[in-house]
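Colleague: To be precise about what I am sending: the file is called start.cif and holds mmCIF, C-alpha atoms and all ligand atoms; chains and numbers go by the auth columns.
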data_target
loop_
_atom_site.group_PDB
_atom_site.id
_atom_site.type_symbol
_atom_site.label_atom_id
_atom_site.label_comp_id
_atom_site.label_asym_id
_atom_site.label_seq_id
_atom_site.Cartn_x
_atom_site.Cartn_y
_atom_site.Cartn_z
_atom_site.B_iso_or_equiv
_atom_site.auth_seq_id
_atom_site.auth_asym_id
ATOM 1 C CA MET A 1 -2.465 11.666 5.044 0.00 122 Z
ATOM 2 C CA ILE A 2 -3.745 11.084 1.512 0.00 123 Z
ATOM 3 C CA PHE A 3 -2.454 8.035 -0.331 0.00 124 Z
ATOM 4 C CA THR A 4 -3.386 7.257 -3.930 0.00 125 Z
ATOM 5 C CA PRO A 5 -2.251 3.782 -5.013 0.00 126 Z
ATOM 6 C CA PHE A 6 -3.390 2.190 -8.261 0.00 127 Z
ATOM 7 C CA GLU A 7 -6.387 -0.014 -7.448 0.00 128 Z
ATOM 8 C CA SER A 8 -4.714 -3.108 -8.920 0.00 129 Z
ATOM 9 C CA GLN A 9 -1.579 -4.153 -10.738 0.00 130 Z
ATOM 10 C CA THR A 10 -3.324 -3.881 -14.077 0.00 131 Z
ATOM 11 C CA SER A 11 -5.473 -0.816 -13.495 0.00 132 Z
ATOM 12 C CA GLY A 12 -4.725 2.784 -14.272 0.00 133 Z
ATOM 13 C CA ARG A 13 -7.335 3.903 -11.761 0.00 134 Z
ATOM 14 C CA ARG A 14 -6.218 5.197 -8.424 0.00 135 Z
ATOM 15 C CA LEU A 15 -7.855 4.792 -5.060 0.00 136 Z
ATOM 16 C CA LEU A 16 -8.093 7.688 -2.656 0.00 137 Z
ATOM 17 C CA LEU A 17 -7.134 6.429 0.790 0.00 138 Z
ATOM 18 C CA LYS A 18 -6.581 8.210 4.034 0.00 139 Z
ATOM 19 C CA LEU A 19 -3.697 6.765 6.015 0.00 140 Z
ATOM 20 C CA SER A 20 -2.738 7.212 9.618 0.00 141 Z
ATOM 21 C CA PRO A 21 0.474 9.199 10.159 0.00 142 Z
ATOM 22 C CA GLU A 22 2.092 5.945 11.313 0.00 143 Z
ATOM 23 C CA ASP A 23 1.251 4.092 8.084 0.00 144 Z
ATOM 24 C CA LYS A 24 2.329 7.029 5.939 0.00 145 Z
ATOM 25 C CA GLN A 25 5.603 7.394 7.777 0.00 146 Z
ATOM 26 C CA LYS A 26 6.228 3.661 7.441 0.00 147 Z
ATOM 27 C CA TRP A 27 5.574 3.849 3.718 0.00 148 Z
ATOM 28 C CA ASP A 28 7.787 6.904 3.260 0.00 149 Z
ATOM 29 C CA SER A 29 10.640 5.350 5.212 0.00 150 Z
ATOM 30 C CA LYS A 30 10.794 2.196 3.071 0.00 151 Z
ATOM 31 C CA PRO A 31 13.280 1.976 0.246 0.00 152 Z
ATOM 32 C CA ARG A 32 11.677 2.264 -3.184 0.00 153 Z
ATOM 33 C CA ARG A 33 12.154 -1.172 -4.625 0.00 154 Z
ATOM 34 C CA SER A 34 9.912 -3.158 -6.872 0.00 155 Z
ATOM 35 C CA HIS A 35 9.043 -5.720 -4.213 0.00 156 Z
ATOM 36 C CA MET A 36 8.599 -3.481 -1.218 0.00 157 Z
ATOM 37 C CA GLN A 37 5.166 -4.040 0.220 0.00 158 Z
ATOM 38 C CA MET A 38 3.249 -3.354 3.384 0.00 159 Z
ATOM 39 C CA GLU A 39 -0.225 -3.359 4.836 0.00 160 Z
ATOM 40 C CA VAL A 40 -2.125 -0.113 5.215 0.00 161 Z
ATOM 41 C CA THR A 41 -5.508 0.716 6.703 0.00 162 Z
ATOM 42 C CA ASP A 42 -7.810 3.261 5.102 0.00 163 Z
ATOM 43 C CA GLN A 43 -8.911 5.519 7.938 0.00 164 Z
ATOM 44 C CA THR A 44 -12.115 6.425 6.103 0.00 165 Z
ATOM 45 C CA THR A 45 -13.502 2.944 5.461 0.00 166 Z
ATOM 46 C CA GLY A 46 -11.401 0.702 7.702 0.00 167 Z
ATOM 47 C CA ARG A 47 -10.381 -1.383 4.678 0.00 168 Z
ATOM 48 C CA ARG A 48 -7.034 -3.120 5.039 0.00 169 Z
ATOM 49 C CA LEU A 49 -4.995 -3.366 1.889 0.00 170 Z
ATOM 50 C CA VAL A 50 -1.651 -4.818 0.977 0.00 171 Z
ATOM 51 C CA VAL A 51 0.116 -2.296 -1.205 0.00 172 Z
ATOM 52 C CA ARG A 52 3.488 -2.332 -2.847 0.00 173 Z
ATOM 53 C CA SER A 53 5.687 0.144 -4.563 0.00 174 Z
ATOM 54 C CA ALA A 54 5.110 0.414 -8.294 0.00 175 Z
ATOM 55 C CA SER A 55 6.828 2.010 -11.220 0.00 176 Z
ATOM 56 C CA CYS A 56 5.679 5.573 -11.769 0.00 177 Z
ATOM 57 C CA GLY A 57 6.792 5.377 -15.406 0.00 178 Z
ATOM 58 C CA ALA A 58 9.844 7.557 -14.880 0.00 179 Z
ATOM 59 C CA GLY A 59 12.227 4.787 -13.887 0.00 180 Z
ATOM 60 C CA CYS A 60 11.675 4.688 -10.152 0.00 181 Z
ATOM 61 C CA TYR A 61 9.159 3.088 -7.845 0.00 182 Z
ATOM 62 C CA CYS A 62 7.618 6.068 -6.135 0.00 183 Z
ATOM 63 C CA ALA A 63 4.074 5.046 -7.099 0.00 184 Z
ATOM 64 C CA ALA A 64 1.991 2.444 -5.274 0.00 185 Z
ATOM 65 C CA GLU A 65 -0.432 -0.286 -6.265 0.00 186 Z
ATOM 66 C CA VAL A 66 -2.821 -2.523 -4.365 0.00 187 Z
ATOM 67 C CA VAL A 67 -1.788 -6.179 -4.278 0.00 188 Z
ATOM 68 C CA ARG A 68 -4.903 -7.412 -2.504 0.00 189 Z
ATOM 69 C CA GLU A 69 -7.428 -6.573 0.151 0.00 190 Z
ATOM 70 C CA ILE A 70 -7.354 -8.266 3.552 0.00 191 Z
ATOM 71 C CA PRO A 71 -10.834 -9.518 4.512 0.00 192 Z
ATOM 72 C CA THR A 72 -12.437 -7.687 7.416 0.00 193 Z
ATOM 73 C CA GLY A 73 -11.804 -9.444 10.692 0.00 194 Z
ATOM 74 C CA SER A 74 -8.800 -11.342 9.415 0.00 195 Z
ATOM 75 C CA THR A 75 -6.036 -11.710 11.974 0.00 196 Z
ATOM 76 C CA GLU A 76 -3.492 -13.035 9.538 0.00 197 Z
ATOM 77 C CA ALA A 77 0.049 -11.900 10.020 0.00 198 Z
ATOM 78 C CA LEU A 78 1.945 -10.669 7.024 0.00 199 Z
ATOM 79 C CA HIS A 79 5.533 -11.108 6.052 0.00 200 Z
ATOM 80 C CA TYR A 80 7.160 -8.080 4.609 0.00 201 Z
ATOM 81 C CA HIS A 81 10.063 -7.785 2.225 0.00 202 Z
ATOM 82 C CA ASP A 82 12.478 -5.415 3.909 0.00 203 Z
HETATM 83 ZN ZN ZN B . 8.908 7.974 -9.616 0.00 301 N
#
Is it possible to express this structure as structure tokens?
Modeller:
Amino acid sequence: MIFTPFESQTSGRRLLLKLSPEDKQKWDSKPRRSHMQMEVTDQTTGRRLVVRSASCGAGCYCAAEVVREIPTGSTEALHYHD
């Protein structure tokens, strides 16, 4: 499952991530709101990233952007806006 969020909130560059079907389904099932965010894991590198929905420029939030990266080995629990 290919996922291409913007690499940061101020960057026009996109990352190329490979998500598990579970992460992709979770993302797709969330409502597209400005503050929707979740954690995803890149299956290629094992990086864990917090991403959130972002404006695609056409008035909706179907795009995604990286909020931050979770350090490797971190066991922190995240709170999601649902
Ligand atoms: Zn859109």
Colleague: I need the residue set behind the PyMOL selection byres (((chain Z and resi 185) around 8) and not hetatm) for this file; please write it as number ranges by chain.
Modeller: Z: 125-127, 172-176, 182-184, 186-187
Colleague: Applying the PyMOL selection byres (((chain Z and resi 165) around 10) and not hetatm) to the file I just gave you, which residues come out? Please list them as a ChimeraX atom specification.
Modeller: /Z:137-140,162-164,166-168
Colleague: Considering only C-alpha atoms and all ligand atoms, state which residue in the set Z:Gly194, Z:Glu128, Z:Arg153, Z:Ser141 is at the smallest distance from ligand ZN 301 (chain N).
Modeller: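 Among the listed residues, Z:Arg153 lies closest to ligand ZN 301 (chain N).
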Colleague: Tell me, in Å to one decimal, how far CA of Pro192 in chain Z is from CA of Cys177 in chain Z.
Modeller: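 These two atoms are separated by 27.7 Å.
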Colleague: For a test of reading the model, state the distance in Å between CA of Arg189 in chain Z and CA of Lys145 in chain Z, rounded to one decimal.
Modeller: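 Rounded to one decimal, the two atoms are 18.2 Å apart.
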Colleague: Using all atoms listed in the file, can you tell me which of Z:Val188, Z:Thr193, Z:Glu143, Z:Gly178 comes closest to ligand ZN 301 (chain N)?
Modeller: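 For ligand ZN 301 (chain N), the nearest of the given residues is Z:Gly178.
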Colleague: Quote the spacing between CA of Val171 in chain Z and CA of Met159 in chain Z in Å to one decimal place.
Modeller: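 The value is 5.7 Å.
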Colleague: From the list Z:Trp148, Z:Leu136, Z:Ile191, Z:Met157, which residue is nearest Arg169 in chain Z when using all atoms listed in the file?
Modeller: Z:Ile191
Colleague: Between Z:Glu190, Z:Val161, Z:Gly133, Z:Gly180, which one has atoms that come closest to ligand ZN 301 (chain N), using all atoms listed in the file?
Modeller: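 For ligand ZN 301 (chain N), the nearest of the given residues is Z:Gly180.
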Colleague: Take every atom of range 183-196 of chain Z listed in the file, fit an axis-aligned box around them, add 5 Å per side, and give the centre and edge lengths in Å to one decimal as lines of an AutoDock Vina configuration file.
Modeller:
center_x = -2.4
center_y = -2.8
center_z = 2.4
size_x = 30.1
size_y = 27.8
size_z = 29.1
Colleague: Using all atoms listed in the file, find the one residue out of Z:Asp144, Z:Cys181, Z:Leu170, Z:Ser132 that sits nearest to ligand ZN 301 (chain N).
Modeller: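 Among Z:Asp144, Z:Cys181, Z:Leu170, Z:Ser132, it is Z:Cys181 that comes nearest to ligand ZN 301 (chain N).
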